[in-house]
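Q: Below you will find the structure I want to go over with you.
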2 protein chains.
Amino acid sequence: MGYIYTFEQGDASMRDLLGGKGAGLAEMTRAGLPVPPGFTIATTACVEYFSAGNRFPDGLDGEIEIAMASLQQRIGKRFGDAGDPLLVSVRSGARASMPGMMDTILNLGLNDETVLGLATLTKNDRFAWDAYRRFIAMFSGVVLDIEKHHFEEAIDRAKLARGVKTDPQLDADAWRELVAEFKGIVLREAGREFPQEVHEQLRLAIGAVFASWNSRRAIDYRRYNRIPDDWGTAVNVMAMVFGNMGDDSGTGVAFTRDPNTGENVLFGEYLRNAQGEDVVAGIRTPERIADLKERQPQVYQQFVEIAHRLERHYKDVQDLEFTVERGKLYMLQTRSAKRSAEAAVKIALALVEEGLIDERAAVGRVDARSLDALFHARIDPAAAIVPAARGLNASPGAASGQVVFDADEAVAWRERGKATILVRVETTPDDMHGIIAAEGILTAKGGATSHAAVVARGMGKPCVAGCEALQIDRREGSAVLAGVALHEGDWLTIDGSTGAVILGEAPLLAPPSTLPQWLATFLSWADRTRTMQVWANADTPEDARKARELGAQGIGLCRTEHMFMARERLPVVQEMILAADATARASALERLLPFQREDFIGILEAMAGLPVTIRLLDPPLHEFLPSLESLLVETTELRIREGTESARYKEREALLRRVEQLHEQNPMLGLRVCRLGILYPEIYAMQVRAIFEAACTLKARGVDARPEVMIPGIGTPEEMRFTYDAAKAVADAVLAERGIALEYHIGTMIELPRACIVADEIAQRAEFFSFGTNDLTQTTYGYSRDDAEASFIPHYLEKRVLKDDPFQVLDQRGVGALMRQGVQLGRSARPGLKIGICGEHGGEPNSVMFCHALGLDYVSCSPYRVPIARLAAAQAVLAETGLAAHTTA
Amino acid sequence: MGYIYTFEQGDASMRDLLGGKGAGLAEMTRAGLPVPPGFTIATTACVEYFSAGNRFPDGLDGEIEIAMASLQQRIGKRFGDAGDPLLVSVRSGARASMPGMMDTILNLGLNDETVLGLATLTKNDRFAWDAYRRFIAMFSGVVLDIEKHHFEEAIDRAKLARGVKTDPQLDADAWRELVAEFKGIVLREAGREFPQEVHEQLRLAIGAVFASWNSRRAIDYRRYNRIPDDWGTAVNVMAMVFGNMGDDSGTGVAFTRDPNTGENVLFGEYLRNAQGEDVVAGIRTPERIADLKERQPQVYQQFVEIAHRLERHYKDVQDLEFTVERGKLYMLQTRSAKRSAEAAVKIALALVEEGLIDERAAVGRVDARSLDALFHARIDPAAAIVPAARGLNASPGAASGQVVFDADEAVAWRERGKATILVRVETTPDDMHGIIAAEGILTAKGGATSHAAVVARGMGKPCVAGCEALQIDRREGSAVLAGVALHEGDWLTIDGSTGAVILGEAPLLAPPSTLPQWLATFLSWADRTRTMQVWANADTPEDARKARELGAQGIGLCRTEHMFMARERLPVVQEMILAADATARASALERLLPFQREDFIGILEAMAGLPVTIRLLDPPLHEFLPSLESLLVETTELRIREGTESARYKEREALLRRVEQLHEQNPMLGLRVCRLGILYPEIYAMQVRAIFEAACTLKARGVDARPEVMIPGIGTPEEMRFTYDAAKAVADAVLAERGIALEYHIGTMIELPRACIVADEIAQRAEFFSFGTNDLTQTTYGYSRDDAEASFIPHYLEKRVLKDDPFQVLDQRGVGALMRQGVQLGRSARPGLKIGICGEHGGEPNSVMFCHALGLDYVSCSPYRVPIARLAAAQAVLAETGLAAHTTA
């Protein structure tokens, strides 16, 4: 087979080869729907175009010639025929939908001669010259890289000269003159004549569509949506039909159901007497699709039937494009509709109810990542807000605030209690303090992997990046957003889940406090499908309750250091750290014990009947002390102002010395994790005592407390042995004192490369493993997350040295290889060893699927990500059984 | 077979079972030498004693009974016979010699009755009571754990009461009374009567010798000398002979050659009318062995013949113990002699010359580690100094200085230009500044793995640890060393290579500046044996020349950051770092280029004809800037004293801001290594240009410059691709500009776990690998070396959580597994890939042997360790071919 398939030759199964649009056109053609004739140049041609250094592969030219000849025959018009010209559209169409990311050219085949033929034939001079000027502008933009504004400004001048305000008011003469002017613009800007030879037009257009696969925005889109770079795009060449041939003509886009809410109503827009691009461009306000019903009831009825038929045929909501030419309906596209997370779930539920798909298939229909949006603030959909502009949805959630253009200002406004949106051309590490202070970030440049995007995602802060409609004049402290001036202090709303940018303060909805019924039902299907458990990371009873509500089956990581940070405890913790001897330390620990016990009572009670994995103290001790930097400044001030003999100086100076002693070059690699528990066994002993006293207290009250003790940072079997034995001794002593029987386990985090390598020896003591992939990623790569995400990781993503931020998406090749080794060795020493993951990757769908493949027993993630993990774990099972995960992309 | 072997039943090949002493006694017995009859309880009994929870294994009691019966028959005396008692010695004897580390009991079999028989039989009351009191004291120390000083004080009181000064002046009555007093001490201190039943004495003594295997000092000794803990000790029971039966009796120790210089002369000491312990205890000054020649020429002649025979028999220098009882010579021990490094080499050379062994065997005779001592300062052997005391040889090299007891004092004396020896009970991390300031460290407590020992070794500073003869009274600021008062400011000399502690300032010899001929010859034999190359780490032409002199076959690591630190360059480097834009940075780099070029000309010329592997910039940039801490103090002072409007404040404050920006939480895991070269490609480009301009300049002068470019810290194939391509472009451009042809390679350090895992992909570009095991150890363990070695590693070694400091001895189990993976994957992608190691492990013998086993092409270490690595690499070949490495241990 060659590179070209007519619409009659293809079908829906050939999506990889023909792209989504081509496969849809073929499938509709097969089903006898009214589709203009045409053909698809396969994605393989695009791939070979790139590998040949941006040249058409051998044979493609010949195939195009044959396909065009055949098309001419079908239509009965000739390409380039001055009397009765065949015109075509040239459109991209990749395997995965990338809406608006690649290019389209309409009316191709027009030139100075054929435009006259078109005018004669349609008896409509104005239509012909309007079509020609559209073609020149589109072609010049896509093929010759001439910016649109040159043409738009020419039109504006023409309107001004003629004293009219809208395009429709311009007559045939005006468009004819503009065509001449447009050709002048082409000559000036591109240094060449606008090509008159129609085959050359076609060849250039096809090449440009290929090339658009590697445009910056297409690459960014793919990166964020994890679409492989090597798929390439197909090119669809189709005979033109015209929606702009009078009031019985028009063009529209429609969804077979509402893509925002999932409601089962035809949803879309129709623009009378207009060509395709006009709907999207928003030059005129379109009608609702339902209005067509009154004006052209037969056409509407036919469209409704086709829409229904396509939805049944594809068993999914469709996104349709169509044109009506002089009362005749033509279908131009059908594809699975993009939809909001809420709509995706509700549609999946409805399709099952309607008997179109089964529960398992429904589980496969929702992008697990998209659920994230449901658990962030979002713009109230009831407000029906029209965004002023769009950028890349770089970090989910919506935020409103007053505009600031400078990181320092963000901090200053914040200090005055004001919410801000930091608006920048792009951010750099120097803006970190501003990013922290702002509610959300909006940038004019940069993609989903820009500094702002990466940092904002890391902080869970909304970000819209690369908003091209935004021009910032930094010196003036102002900006223009889609034509509207923006000043410091103006209100702005951004939606990082959708990329929308809204002028003013839009009404926001807080994330739901309970799982809505429709989502609960849907997730219960996921639960029936999945085999891996989903636990949550939670440090407080409130978080634990929230996690449980969202479906967590246990706590995989309860950090105890946060408990040490509480206001009333910190002085005692500091006393313990600064203790001159073991006695003083013991006394401080004794006072901490009741606090810790209460903490554990709270969380064990909230999770009654479910396991709670409590990690013993993990961070370096100096995290609990005043910072070295602040003490240096303070003691210097005291020294100068009060002298070295003053009591305050002496006190602070003594503290400074101790902090200096505890200071480490690289605290991440220093005296922390189990090393603390080995150097200061009394700290871990206190914590274990508190855990088991809490459990016993609850047991005595009839509460089914299930504590599990997790030792962090084990790297050698000896560390495991030492800490396991010490913890077990205390636990058993408490149980004996209280006379309570309780099953519990002592396990470890596997978070160092060495732990993976000696996992068999560690498993001789450890009764469970939990992969701490945050730290494991740090040591495997040699990256400190704190430092790397603010400095070189954005740069690495930009330069494609890294495909993903490994702290966001688990590095399966490197970190994953160590995990696999850890699982195999661990279970070789202790068959059936329970293994989970409690790094942040536990809530990232791709990583969850990898964990399933590794054979983990559970993933543990932050409470709001539990639903995502439940769905991803189910989709992992589907993927395993060959059922593709969500097909809506 | 059982547990017991008579001396007639054993031989030299049974060392593992009988221990060194037992095998030697058996071998001598077989050879017909005069050895008192006896038997050996095998090491297996000791092992089972421990595994049974410190109980004799089944059957041992019966075997002892039979062996004693047989011994009585041979001797014609009965054990416990009041008329003619058999007396025995009970001595430990492990597979590896552990001199003085375990216990010995003489005269066992004496009690209140047999002492009378002995007196009658020998017609020497004084001898009998003297023997009995010795036995009580020794037995009580070893078996009943009663401290020696109780008995010594009793003797002192007796001498005082009798108005005499020395032991020999005490008569039979005195000893008899002291025996009564000793028994009182036993009752008081141990709470039990001194055992009179001789079989009980024997049983208790054997158990105590077993137990001494696990004494603190024995464990420490094994740890430092890498002797496995599970070998256990044998126990030798031998009929007593007495050197203290008059002037025709005596006891001695001798080496068949001088163990300090290797000279072929009988070397040893002889003490007339004395029992074994007296020689070691140093109570009386012994004669030289040669003096025996005049007094008892026949005995002397017999001894010389035996010594010669044993040396020929064992083909090695022997360490002999003997006793003369009333003119009759008895051999009590023969073993391979411990010797100084110099002696070891010279003896090996001599034995080859004498035809006793061949070159390969000679190569196996010298402990590679011991060569280290040759390259440290040492005490002039010509000075024939008698140490006042000994401790553990914890960190090699000798040092003299004035005593200080406090770390702060060490700093204060240092500031006055004084050399100090820091004398402490033991050191803690709080003493770090003192350890840095002092010339050497002496501690009273702590073993070879104590804080002081580990830290000192890390710094290459002499340390003698655990010197038991040292008592420190911290409050008084004074100490007592082997009876002599020590005050602050007193001169003291320590030898960390031997453990010697000398009062006063001993003459020290600096390490040799060239390889002495005898060592060069010996190492040339090693070179003929080894297959792995030895390269050196050197950053300067001086170091490179030194390395070359010591036998380096290339430079495996030339660090370029030290060049950035030079006084006249640092301001330019800082300018580059603080550059506001690329132009300013380029200008600074341009000025650095000539400096770097000169650096490279120097080192490439020094290594002409050999490869020089130059590592591109590695450390975080803020290492080149003033410290954040000092700037904080400085700006605070300026702010208060000069105000925020002063020019100096503003200037320093601006610098502070930039330093704060560059500040990282964990610089080890931050913006460094190849990440620098990817974010600031112009830095690496300048360095590569300098390297190749230097090489071309030399080539033009006819010098065979062989640069290799090494990229640090690669973790992904994309990093390798990026930096390789960039470096190659610059290198080829320079070569083209100069019109010079030059073979070179671009490779990488493998120093991150992920690099080992994706080594195959990295090797697609990288043309060589060099394991950076310092960093690889840091990330594999999650330890920051700077922090860990001063804080938890000493503690870990102490608690045996770690067997070795992984920064000193390569962790074969963990880090080694990653290395093996890196080697296999790297060579799978690029067969014959050249692989080396440039971490500090490259000069540690065990690690060198491991590298040989991994199939590395070379090890690279600091210049002074090149001889060690040459020898260890040869011994790795011997080990492979079954020829044991050095047998002198």
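Identifiers in the structure tokens: chain A, B, ... in order shown; residue index from 1 per chain; ligand index from 1 in order shown.
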Could you give me, as a Markdown table, every chain B residue with an atom at most 6 Å from chain A, plus its closest atom pair and distance in Å to one decimal, counting only C-alpha atoms, rows ordered by chain then number?
A:
| residue | atom | partner | partner_atom | distance |
| --- | --- | --- | --- | --- |
| B:Val633 | CA | A:Val633 | CA | 6.0 |
| B:Glu664 | CA | A:Asp787 | CA | 5.9 |
| B:Asn666 | CA | A:Asn666 | CA | 4.4 |
| B:Leu669 | CA | A:Tyr783 | CA | 4.5 |
| B:Gly670 | CA | A:Asp787 | CA | 5.7 |
| B:Glu718 | CA | A:Val801 | CA | 5.1 |
| B:Pro753 | CA | A:Thr780 | CA | 5.0 |
| B:Arg754 | CA | A:Thr780 | CA | 5.2 |
| B:Thr779 | CA | A:Thr779 | CA | 4.9 |
| B:Thr780 | CA | A:Pro753 | CA | 5.0 |
| B:Tyr781 | CA | A:Arg754 | CA | 5.8 |
| B:Gly782 | CA | A:Leu669 | CA | 5.1 |
| B:Tyr783 | CA | A:Leu669 | CA | 4.5 |
| B:Ser784 | CA | A:Leu669 | CA | 4.8 |
| B:Asp787 | CA | A:Gly670 | CA | 5.7 |
| B:Val801 | CA | A:Glu718 | CA | 5.1 |
| B:Gly814 | CA | A:Arg754 | CA | 5.5 |
Q: Quick one: residues within 8 Å of Gly440 (chain B), only C-alpha atoms counted, chain neighbours fewer than 4 positions away excluded, as a PyMOL selection string?
A: chain B and resi 398-401+420-422+435+461-463+494
Q: Might you pull out every residue within 6 Å of Leu271 (chain B), with only C-alpha atoms counted and same-chain residues fewer than 6 positions away left off, and present them as a list in words?
A: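 In the requested form, the answer reads Gly250, Thr251 and Pro286 of chain B.
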Q: Please write the residues from the selection above to a file, keeping N, CA and C atoms, as a PDB file, in the first residue's frame.
A:
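File again-v9.pdb, as written:
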ATOM      1  N   GLY B 250      66.123 -19.031  81.195  1.00  0.00           N
ATOM      2  CA  GLY B 250      65.741 -17.719  80.679  1.00  0.00           C
ATOM      3  C   GLY B 250      64.691 -17.878  79.606  1.00  0.00           C
ATOM      4  N   THR B 251      64.240 -16.734  79.120  1.00  0.00           N
ATOM      5  CA  THR B 251      63.190 -16.777  78.110  1.00  0.00           C
ATOM      6  C   THR B 251      63.445 -15.666  77.104  1.00  0.00           C
ATOM      7  N   PRO B 286      65.798  -6.409  78.983  1.00  0.00           N
ATOM      8  CA  PRO B 286      66.375  -7.665  78.491  1.00  0.00           C
ATOM      9  C   PRO B 286      67.716  -7.435  77.810  1.00  0.00           C
TER      10      PRO B 286
END
Q: Of the candidates A:Gly816, A:Thr498, A:Glu880, A:Ala452, which shows the shortest atom-to-atom distance to Cys851 (chain A), using only C-alpha atoms?
A: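 Counting only C-alpha atoms, the residue closest to Cys851 (chain A) is A:Gly816.
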Q: Near region 553-563 of chain A, within 9 Å and counting only C-alpha atoms, which residues show up once chain neighbours fewer than 3 positions away are dropped, as number ranges by chain?
A: A: 533-540, 544, 547-548, 566, 569, 595-596, 599, 603, 607, 609-619, 687, 710, 770, 836-839, 858-861
Q: With only C-alpha atoms as the counted atoms, please give the residues lying no more than 12 Å from region 302-308 of chain B, apart from itself and same-chain residues fewer than 4 positions off, as a compact mmCIF listing (two decimals) with N, CA and C atoms, in the first residue's frame.
A:
# COMPACT_ATOMS: atom_id res chain seq x y z
N MET B 28 56.75 -27.76 64.27
CA MET B 28 58.06 -27.88 64.91
C MET B 28 58.22 -29.25 65.56
N ALA B 31 59.03 -31.70 63.03
CA ALA B 31 60.39 -31.54 62.52
C ALA B 31 61.43 -31.97 63.56
N GLY B 32 60.96 -32.47 64.70
CA GLY B 32 61.89 -32.97 65.70
C GLY B 32 62.52 -31.87 66.53
N LEU B 33 61.99 -30.68 66.51
CA LEU B 33 62.54 -29.60 67.32
C LEU B 33 62.09 -29.77 68.76
N PRO B 34 62.83 -29.20 69.68
CA PRO B 34 62.48 -29.36 71.09
C PRO B 34 61.28 -28.51 71.48
N VAL B 35 60.11 -29.10 71.48
CA VAL B 35 58.88 -28.41 71.86
C VAL B 35 58.29 -29.16 73.04
N GLY B 252 63.05 -15.92 75.85
CA GLY B 252 63.35 -14.91 74.84
C GLY B 252 62.38 -14.91 73.67
N VAL B 253 62.42 -13.80 72.95
CA VAL B 253 61.69 -13.70 71.68
C VAL B 253 62.72 -13.26 70.65
N ALA B 254 62.57 -13.78 69.42
CA ALA B 254 63.54 -13.39 68.40
C ALA B 254 62.90 -13.44 67.02
N PHE B 255 63.41 -12.57 66.15
CA PHE B 255 63.02 -12.60 64.75
C PHE B 255 64.21 -13.10 63.97
N THR B 256 63.95 -13.92 62.95
CA THR B 256 65.09 -14.46 62.20
C THR B 256 65.78 -13.38 61.38
N ARG B 257 65.08 -12.24 61.12
CA ARG B 257 65.74 -11.06 60.53
C ARG B 257 65.17 -9.83 61.24
N ASN B 264 69.36 -9.08 57.38
CA ASN B 264 69.43 -10.50 57.68
C ASN B 264 70.32 -10.76 58.89
N VAL B 265 69.84 -10.33 60.06
CA VAL B 265 70.51 -10.63 61.32
C VAL B 265 69.47 -11.09 62.33
N LEU B 266 69.88 -12.02 63.15
CA LEU B 266 68.99 -12.49 64.22
C LEU B 266 68.71 -11.30 65.13
N PHE B 267 67.46 -11.10 65.46
CA PHE B 267 67.05 -9.89 66.14
C PHE B 267 66.13 -10.27 67.27
N GLY B 268 66.51 -9.95 68.50
CA GLY B 268 65.59 -10.31 69.57
C GLY B 268 66.13 -10.00 70.94
N ILE B 289 69.77 -10.67 72.03
CA ILE B 289 69.86 -12.13 71.86
C ILE B 289 71.30 -12.57 71.66
N ALA B 290 72.07 -11.69 71.03
CA ALA B 290 73.47 -12.05 70.71
C ALA B 290 74.29 -12.27 71.99
N LEU B 292 73.55 -13.96 74.42
CA LEU B 292 73.43 -15.36 74.83
C LEU B 292 74.60 -16.18 74.31
N LYS B 293 75.12 -15.70 73.20
CA LYS B 293 76.21 -16.42 72.52
C LYS B 293 77.40 -16.62 73.46
N GLN B 296 75.87 -18.81 76.96
CA GLN B 296 75.50 -20.22 76.76
C GLN B 296 75.67 -20.55 75.27
N PRO B 297 76.95 -20.67 74.83
CA PRO B 297 77.22 -20.80 73.38
C PRO B 297 76.51 -21.99 72.75
N GLN B 298 76.39 -23.09 73.47
CA GLN B 298 75.74 -24.25 72.85
C GLN B 298 74.27 -24.00 72.63
N ARG B 312 64.01 -21.40 56.54
CA ARG B 312 64.08 -22.14 55.28
C ARG B 312 62.80 -22.94 55.10
N HIS B 313 62.38 -23.55 56.19
CA HIS B 313 61.21 -24.42 56.12
C HIS B 313 59.97 -23.63 55.72
N TYR B 314 59.79 -22.49 56.38
CA TYR B 314 58.59 -21.68 56.08
C TYR B 314 58.83 -20.72 54.92
N LYS B 315 60.04 -20.64 54.45
CA LYS B 315 60.40 -19.70 53.39
C LYS B 315 59.98 -18.28 53.75
N ASP B 316 60.10 -17.97 55.02
CA ASP B 316 59.75 -16.61 55.43
C ASP B 316 60.39 -16.34 56.79
N VAL B 317 60.52 -15.06 57.07
CA VAL B 317 61.08 -14.63 58.34
C VAL B 317 60.16 -15.08 59.47
N GLN B 318 60.74 -15.65 60.53
CA GLN B 318 59.95 -16.18 61.63
C GLN B 318 60.10 -15.34 62.89
N ASP B 319 59.04 -15.34 63.64
CA ASP B 319 58.98 -14.69 64.94
C ASP B 319 58.92 -15.84 65.95
N LEU B 320 59.96 -15.97 66.75
CA LEU B 320 60.12 -17.16 67.59
C LEU B 320 60.01 -16.82 69.07
N GLU B 321 59.43 -17.75 69.85
CA GLU B 321 59.50 -17.65 71.31
C GLU B 321 60.17 -18.90 71.81
N PHE B 322 60.99 -18.73 72.83
CA PHE B 322 61.68 -19.90 73.36
C PHE B 322 61.97 -19.72 74.85
N THR B 323 62.21 -20.80 75.48
CA THR B 323 62.58 -20.77 76.89
C THR B 323 63.76 -21.71 77.09
N VAL B 324 64.67 -21.30 77.94
CA VAL B 324 65.77 -22.19 78.32
C VAL B 324 65.55 -22.59 79.78
N GLY B 327 69.52 -24.80 81.08
CA GLY B 327 70.42 -25.12 79.98
C GLY B 327 69.79 -25.85 78.82
N LYS B 328 68.52 -26.20 78.94
CA LYS B 328 67.88 -26.92 77.83
C LYS B 328 66.92 -25.99 77.09
N LEU B 329 67.06 -25.96 75.75
CA LEU B 329 66.26 -25.06 74.92
C LEU B 329 64.91 -25.67 74.57
N TYR B 330 63.84 -24.90 74.75
CA TYR B 330 62.51 -25.31 74.31
C TYR B 330 61.96 -24.24 73.37
N MET B 331 61.40 -24.68 72.24
CA MET B 331 60.75 -23.75 71.32
C MET B 331 59.27 -23.67 71.70
N GLN B 333 57.10 -21.14 70.16
CA GLN B 333 56.28 -20.57 69.08
C GLN B 333 57.14 -20.28 67.87
N THR B 334 56.57 -20.50 66.70
CA THR B 334 57.14 -19.94 65.48
C THR B 334 56.00 -19.43 64.63
N ARG B 335 56.19 -18.26 64.07
CA ARG B 335 55.15 -17.73 63.17
C ARG B 335 55.81 -16.74 62.23
N SER B 336 55.13 -16.48 61.12
CA SER B 336 55.64 -15.46 60.20
C SER B 336 55.72 -14.16 60.97
Q: Contacts of Ser450 (chain A) at 12 Å or less, counting only C-alpha atoms, minus same-chain residues fewer than 6 places along, as a PyMOL selection string?
A: chain A and resi 220+223-224+392-395+425-429+441-444+456-457+463-466+789-800+804-805
Q: How about saving the chosen residues, N, CA and C atoms kept, as a CSV table (one decimal), in the first residue's frame?
A:
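The result, written out as out32.csv:
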chain,number,residue,atom,x,y,z
A,220,ASP,N,4.6,21.5,22.6
A,220,ASP,CA,4.2,21.7,24.0
A,220,ASP,C,2.9,20.9,24.4
A,223,ARG,N,3.7,17.3,24.8
A,223,ARG,CA,4.5,17.0,26.0
A,223,ARG,C,3.5,17.0,27.2
A,224,TYR,N,2.7,18.0,27.3
A,224,TYR,CA,1.8,18.0,28.4
A,224,TYR,C,0.8,16.9,28.4
A,392,LEU,N,-2.0,27.9,28.0
A,392,LEU,CA,-1.9,26.5,28.3
A,392,LEU,C,-2.3,26.2,29.7
A,393,ASN,N,-3.1,25.1,29.9
A,393,ASN,CA,-3.5,24.7,31.2
A,393,ASN,C,-2.3,24.1,32.0
A,394,ALA,N,-1.5,24.9,32.6
A,394,ALA,CA,-0.2,24.4,33.0
A,394,ALA,C,-0.2,23.9,34.5
A,395,SER,N,-1.1,24.3,35.3
A,395,SER,CA,-1.2,23.8,36.7
A,395,SER,C,-2.6,24.0,37.1
A,425,VAL,N,6.1,37.8,31.6
A,425,VAL,CA,6.4,37.3,30.3
A,425,VAL,C,6.7,35.8,30.5
A,426,GLU,N,7.6,35.5,31.4
A,426,GLU,CA,7.9,34.2,31.9
A,426,GLU,C,8.6,34.3,33.2
A,427,THR,N,8.6,33.2,34.0
A,427,THR,CA,9.2,33.4,35.3
A,427,THR,C,10.6,32.7,35.3
A,428,THR,N,11.4,33.2,36.3
A,428,THR,CA,12.7,32.6,36.4
A,428,THR,C,12.9,32.2,37.9
A,429,PRO,N,14.0,31.6,38.3
A,429,PRO,CA,14.1,31.2,39.7
A,429,PRO,C,14.1,32.5,40.6
A,441,ILE,N,-0.5,32.1,38.7
A,441,ILE,CA,0.5,32.6,37.8
A,441,ILE,C,0.0,32.6,36.4
A,442,LEU,N,0.2,33.7,35.7
A,442,LEU,CA,-0.1,33.8,34.3
A,442,LEU,C,1.1,34.3,33.5
A,443,THR,N,1.5,33.5,32.5
A,443,THR,CA,2.7,34.0,31.7
A,443,THR,C,2.3,34.1,30.2
A,444,ALA,N,3.0,35.0,29.6
A,444,ALA,CA,2.8,35.2,28.2
A,444,ALA,C,3.5,34.1,27.3
A,456,ALA,N,4.8,25.9,39.7
A,456,ALA,CA,3.4,26.1,40.1
A,456,ALA,C,2.8,24.7,40.4
A,457,ARG,N,3.0,23.7,39.5
A,457,ARG,CA,2.5,22.4,39.7
A,457,ARG,C,3.1,21.8,41.0
A,463,CYS,N,-1.8,27.8,37.4
A,463,CYS,CA,-1.0,28.5,36.5
A,463,CYS,C,-1.5,28.3,35.0
A,464,VAL,N,-1.6,29.5,34.3
A,464,VAL,CA,-1.9,29.4,32.9
A,464,VAL,C,-0.6,30.0,32.2
A,465,ALA,N,0.0,29.2,31.4
A,465,ALA,CA,1.2,29.6,30.8
A,465,ALA,C,1.1,29.9,29.3
A,466,GLY,N,2.0,30.6,28.7
A,466,GLY,CA,2.0,30.8,27.3
A,466,GLY,C,0.8,31.3,26.7
A,789,GLU,N,13.9,21.7,41.2
A,789,GLU,CA,12.7,22.1,40.5
A,789,GLU,C,12.7,23.6,40.3
A,790,ALA,N,13.5,24.3,41.1
A,790,ALA,CA,13.5,25.8,41.0
A,790,ALA,C,14.6,26.2,40.1
A,791,SER,N,15.5,25.3,39.8
A,791,SER,CA,16.6,25.8,38.9
A,791,SER,C,16.7,25.0,37.6
A,792,PHE,N,17.3,23.8,37.6
A,792,PHE,CA,17.7,23.3,36.3
A,792,PHE,C,16.6,22.4,35.7
A,793,ILE,N,15.7,21.9,36.5
A,793,ILE,CA,14.7,21.0,35.9
A,793,ILE,C,13.8,21.7,34.8
A,794,PRO,N,13.3,22.9,35.1
A,794,PRO,CA,12.6,23.6,34.0
A,794,PRO,C,13.4,23.7,32.7
A,795,HIS,N,14.7,24.1,32.9
A,795,HIS,CA,15.6,24.2,31.8
A,795,HIS,C,15.8,22.9,31.1
A,796,TYR,N,15.9,21.8,31.9
A,796,TYR,CA,16.1,20.5,31.3
A,796,TYR,C,14.8,20.1,30.5
A,797,LEU,N,13.7,20.4,31.0
A,797,LEU,CA,12.4,20.0,30.3
A,797,LEU,C,12.4,20.8,29.0
A,798,GLU,N,12.7,22.1,29.1
A,798,GLU,CA,12.7,23.0,27.9
A,798,GLU,C,13.6,22.4,26.9
A,799,LYS,N,14.8,22.1,27.2
A,799,LYS,CA,15.8,21.6,26.3
A,799,LYS,C,15.6,20.1,26.0
A,800,ARG,N,14.6,19.5,26.5
A,800,ARG,CA,14.2,18.1,26.3
A,800,ARG,C,15.3,17.1,26.8
A,804,ASP,N,10.1,14.3,31.4
A,804,ASP,CA,9.1,14.7,32.4
A,804,ASP,C,9.9,15.1,33.6
A,805,ASP,N,9.3,15.8,34.5
A,805,ASP,CA,9.9,16.1,35.8
A,805,ASP,C,9.8,14.8,36.6
Q: Based on DSSP run over this structure's backbone, return all residues of region 533-675 of chain B in strand (DSSP E), as a PyMOL selection string.
A: chain B and resi 533-537+555-559+612-615
Q: Okay, now the selection with C-alpha atoms, as an mmCIF file, in the first residue's frame?
A:
data_model
loop_
_atom_site.group_PDB
_atom_site.id
_atom_site.type_symbol
_atom_site.label_atom_id
_atom_site.label_comp_id
_atom_site.auth_asym_id
_atom_site.auth_seq_id
_atom_site.Cartn_x
_atom_site.Cartn_y
_atom_site.Cartn_z
ATOM 1 C CA GLN B 533 46.697 -0.216 34.810
ATOM 2 C CA VAL B 534 47.310 2.263 37.613
ATOM 3 C CA TRP B 535 46.655 5.927 36.916
ATOM 4 C CA ALA B 536 46.688 8.888 39.262
ATOM 5 C CA ASN B 537 44.478 11.779 40.236
ATOM 6 C CA ILE B 555 46.001 10.808 34.818
ATOM 7 C CA GLY B 556 42.549 9.467 35.547
ATOM 8 C CA LEU B 557 41.201 12.619 37.110
ATOM 9 C CA CYS B 558 42.451 16.142 36.602
ATOM 10 C CA ARG B 559 40.027 18.432 38.414
ATOM 11 C CA VAL B 612 45.394 12.947 30.851
ATOM 12 C CA THR B 613 41.713 12.787 31.702
ATOM 13 C CA ILE B 614 40.462 16.290 32.336
ATOM 14 C CA ARG B 615 37.158 16.646 34.100
#
